[in-house]
Amino acid sequence: MSRTAKILTWSGGGLLAILVIAVVVLLNFDWNSIKPWISTRVSESTGRHFDIRGDLSLTWHAPQGAQGGWRDWIPWPRLNAKDVIFGNPDWATEPTMAQARQVTFSVSPLALLRHDIVIPSLALDEPRLFLQRAKDGRNNWTFQSSGKASAWRLDLQRLILSKGSLHLVDVIKRADIRAQIDTLGGDGSDYRIGWKVAGTFNGEPVSGNGRAGSVLSLREQKAKYPIDATVHIGKTTIDAEGTLTEPTKLGVLDLRLKLSGVSMAQLYPIIHVVLPETPPFSTEGHLQGALNDLGGDWRYEKFSGKVGSSDLSGSLYFKARKPRPLLEGTVESSYLNFKDLAPLVGADSEKSKEQRNAKVDQPKDKALPVETFKTDRLASIDADVQFTGRKIVREKQLPIDHLVTRIQLQDGELTLAPLKFGIAGGNLVSNLKILGKSKPMKAELKLTARHLKLKQMFPTVKEMQASLGEINGEAALSATGNSVAALLGSSDGEIRAVINQGTVSKLLLEEMGLNIGTIIATKLFGDKQVQINCAVNDFKVENGTMQTRAFVIDTQDATIYVNGQINLAKEQLALEIRPDSKGMRLISLRSPLYVKGSFKHPDVGVDKGVLAAKAGGAIALGVLAPVASALIPLINVGPGEKSECGSLLAQAGEKPVAAAPNAGEQASGR
């Protein structure tokens, strides 16, 4: 044997001997002796107490096919540590953050040569985890850093869980939730772990259960981790089934999501999206999205469901951004019950308020809703959502058939522009602006009504069904307040409506004038339509009080004048109706009518003093009726005075409704 061959032989043999000796030493080494060194190093790097209180052992295995070729012949060390604990920072209420009955993992030896700690799988047996966030934002899952870049890189590829528990305490979210995890029996599905939760969130009770996979892949980004969960938070239920992928990017979710509850507004503490107060609802749709440091981007697509008795469908897109996230999308209702819109303004029933946990009861003597709006939430998000109600189902006296609006929210300023209603065969278009950052809230409204049909405006009044003519009107109001009652009670502006042609029931006019003889005759021989020359109403609104500037109905038979006030703040009526006939009536108890009292209990009647005097005259006329009947053919019953329509219509045309005053100026000047 040559010298070179001898050197190679001895070198190879020496190396093999060293490897054998190393393996023998490693197999027989008492690993418990280095536990203090491991605990010290981990504690120093994390700033937390770390301890392996049970046995620490090492075994070897050869993961076939793990790396391919000759590398498969190199054994991998497998560490097993029992009763491992990891401590909390000093401020935490519990001393231990994590504890496991047993921790098992393997390490790739060749990767260590590249300063890579490759752990194919980390198995935790009976883990117990305590997570806490304090009022100042500190949390126990963020570790201190030395600020120096480490030469080592950790590559944890899979996490395997078995029976365990989780306790979350979050002061900011007012959450105290406990979860129990247990291994499921094999049923042929991908679900290997079952879990249950209980506790409180935002002051509401929490309960739920679900299933998940036992192995969470942290390296194979396309691997899908199955999730199936049902969670109840207060009166809201969340059902989700789907998959989690890309966990190293904080999660990409692809779920079939069902939501249900007593009001959409109660979703705000859960999803931080401003939604209106509604009746009980349920929706189901496809949720996709990925978490990020700002909250994530989410798509809730092709959802459908019910809100009260109305249907709802559409797609919404949530995008996390600074300074506020953005919600966009389209929502439609093919069958919209008008009563389901009542909770929007607090006008729903007491039973409905109790069901959705409304904090303010509606006073028995108040008609206008007093429930306050949650304006503090408006500045938390921006929004641009198109809403369409294609068919509106409503009480017969509400002649509304469809609704279209664009809802925009920008830095606490909410606008519904335009807000379009199909009403009484015409349309009502308004622009509504709400300044949510103002304390109290400020609102501005500009409204235009065109081609509203008279007979459709009063569908429950039989005498109006043969009427012809259209109503056109305008309004401009500004106000401050945090409820409908407060807004109307502080409003300033103008309200005006005009009818310049049409017809109306003669019986209706005669009943307003208490013309007894004509009423009896009309009942006996039938009604007829009377030509409306014009009708004008013009109100000035100041500090919540509507004062008539002009309110006249002029027909071929009579002119009706209305004067007085409507106090929106006190919900009081004080109107006088004075009919003025253009002809003679055989028996007339014509007297000024009044409308007074509250909105809840209006009082409509006649001036009793004037009525008594005229009643005496009517008795005398009854005695002289034979003579009067002979004279009637000789009396001119044509118009007694010139119509005021020209001047009224001219006045209305010369004074168009002004733009709403600036809400801020109104508030500062009051």
# chains A, B, ... in the order shown; residues from 1 in each chain; ligands from 1
$ residues_around --residues "A:Val274" --least-positions-apart "5" --cutoff "8 Å" --atoms "only C-alpha atoms" --output "PyMOL selection string"
chain A and resi 265+268+377-378+380-381
$ residues_around --residues "A:Arg128" --least-positions-apart "6" --cutoff "8 Å" --atoms "only C-alpha atoms" --output "list of chain:residue names"
A:Ala98, A:Gln99, A:Ala100, A:Gly164, A:Ser165, A:Leu166
$ residues_around --residues "A:Asp55" --least-positions-apart "2" --cutoff "12 Å" --atoms "only C-alpha atoms" --output "ChimeraX atom specification"
/A:30-35,51-53,57-58,79-84,101-104
$ select_by_dssp --residues "stretch 198-304 of chain A" --states "alpha helix (DSSP H)" --output "list in words"
Tyr268, Pro269, Ile270 and Ile271 of chain A
$ residues_around --residues "A:Lys453" --least-positions-apart "4" --cutoff "6 Å" --atoms "only C-alpha atoms" --output "NGL selection string"
:A and (424-425 or 470)
$ write_last_selection --atoms "N, CA and C atoms" --output "PDB file, in the first residue's frame"
ATOM      1  N   ALA A 424     -95.841  58.689  -5.291  1.00  0.00           N
ATOM      2  CA  ALA A 424     -97.108  59.213  -5.821  1.00  0.00           C
ATOM      3  C   ALA A 424     -97.036  59.482  -7.316  1.00  0.00           C
ATOM      4  N   GLY A 425     -96.389  58.594  -8.054  1.00  0.00           N
ATOM      5  CA  GLY A 425     -96.295  58.766  -9.491  1.00  0.00           C
ATOM      6  C   GLY A 425     -95.257  59.771  -9.933  1.00  0.00           C
ATOM      7  N   GLU A 470    -101.034  67.790 -10.072  1.00  0.00           N
ATOM      8  CA  GLU A 470     -99.733  67.408  -9.556  1.00  0.00           C
ATOM      9  C   GLU A 470     -99.222  68.421  -8.535  1.00  0.00           C
TER      10      GLU A 470
END
$ closest_residue --among "A:Thr415, A:Asn537, A:Thr375, A:Ser315" --to "A:Gly481" --atoms "only C-alpha atoms"
A:Thr375
$ closest_residue --among "A:Thr243, A:Ser310, A:Thr448, A:Thr200" --to "A:Arg394" --atoms "only C-alpha atoms"
A:Ser310
$ select_by_dssp --residues "stretch 277-508 of chain A" --states "strand (DSSP E)" --output "VMD selection string"
chain A and resid 281 to 290 297 to 307 310 to 319 326 to 333 336 to 337 382 to 389 392 to 393 400 to 410 413 to 423 426 to 435 442 to 453 468 to 480 492 to 499 502 to 505
$ atom_distance --atom1 "atom CA of A:Arg211" --atom2 "atom CA of A:Thr230"
9.4 Å
$ closest_residue --among "A:Val552, A:Asp365, A:Ile119, A:Ser106" --to "A:Pro602" --atoms "only C-alpha atoms"
A:Asp365
$ atom_distance --atom1 "atom CA of A:Phe303" --atom2 "atom CA of A:Gly194"
27.9 Å
$ closest_residue --among "A:Ala497, A:Met441, A:Met546, A:Leu275" --to "A:Thr480" --atoms "only C-alpha atoms"
A:Met441
$ residues_around --residues "A:Val360" --least-positions-apart "2" --cutoff "8 Å" --atoms "only C-alpha atoms" --output "ChimeraX atom specification"
/A:358,362,370-372
$ write_last_selection --atoms "N, CA and C atoms" --output "PDB file, in the first residue's frame"
ATOM      1  N   ALA A 358     -81.661  48.920  22.247  1.00  0.00           N
ATOM      2  CA  ALA A 358     -81.629  50.378  22.173  1.00  0.00           C
ATOM      3  C   ALA A 358     -81.608  50.946  23.586  1.00  0.00           C
ATOM      4  N   GLN A 362     -88.575  55.513  23.707  1.00  0.00           N
ATOM      5  CA  GLN A 362     -89.324  56.605  23.104  1.00  0.00           C
ATOM      6  C   GLN A 362     -90.391  57.086  24.081  1.00  0.00           C
ATOM      7  N   VAL A 370     -86.497  59.973  19.347  1.00  0.00           N
ATOM      8  CA  VAL A 370     -85.499  60.626  20.198  1.00  0.00           C
ATOM      9  C   VAL A 370     -84.229  59.792  20.348  1.00  0.00           C
ATOM     10  N   GLU A 371     -84.185  58.597  19.766  1.00  0.00           N
ATOM     11  CA  GLU A 371     -82.996  57.758  19.875  1.00  0.00           C
ATOM     12  C   GLU A 371     -81.806  58.445  19.205  1.00  0.00           C
ATOM     13  N   THR A 372     -80.681  58.503  19.899  1.00  0.00           N
ATOM     14  CA  THR A 372     -79.520  59.237  19.392  1.00  0.00           C
ATOM     15  C   THR A 372     -78.733  58.397  18.386  1.00  0.00           C
TER      16      THR A 372
END
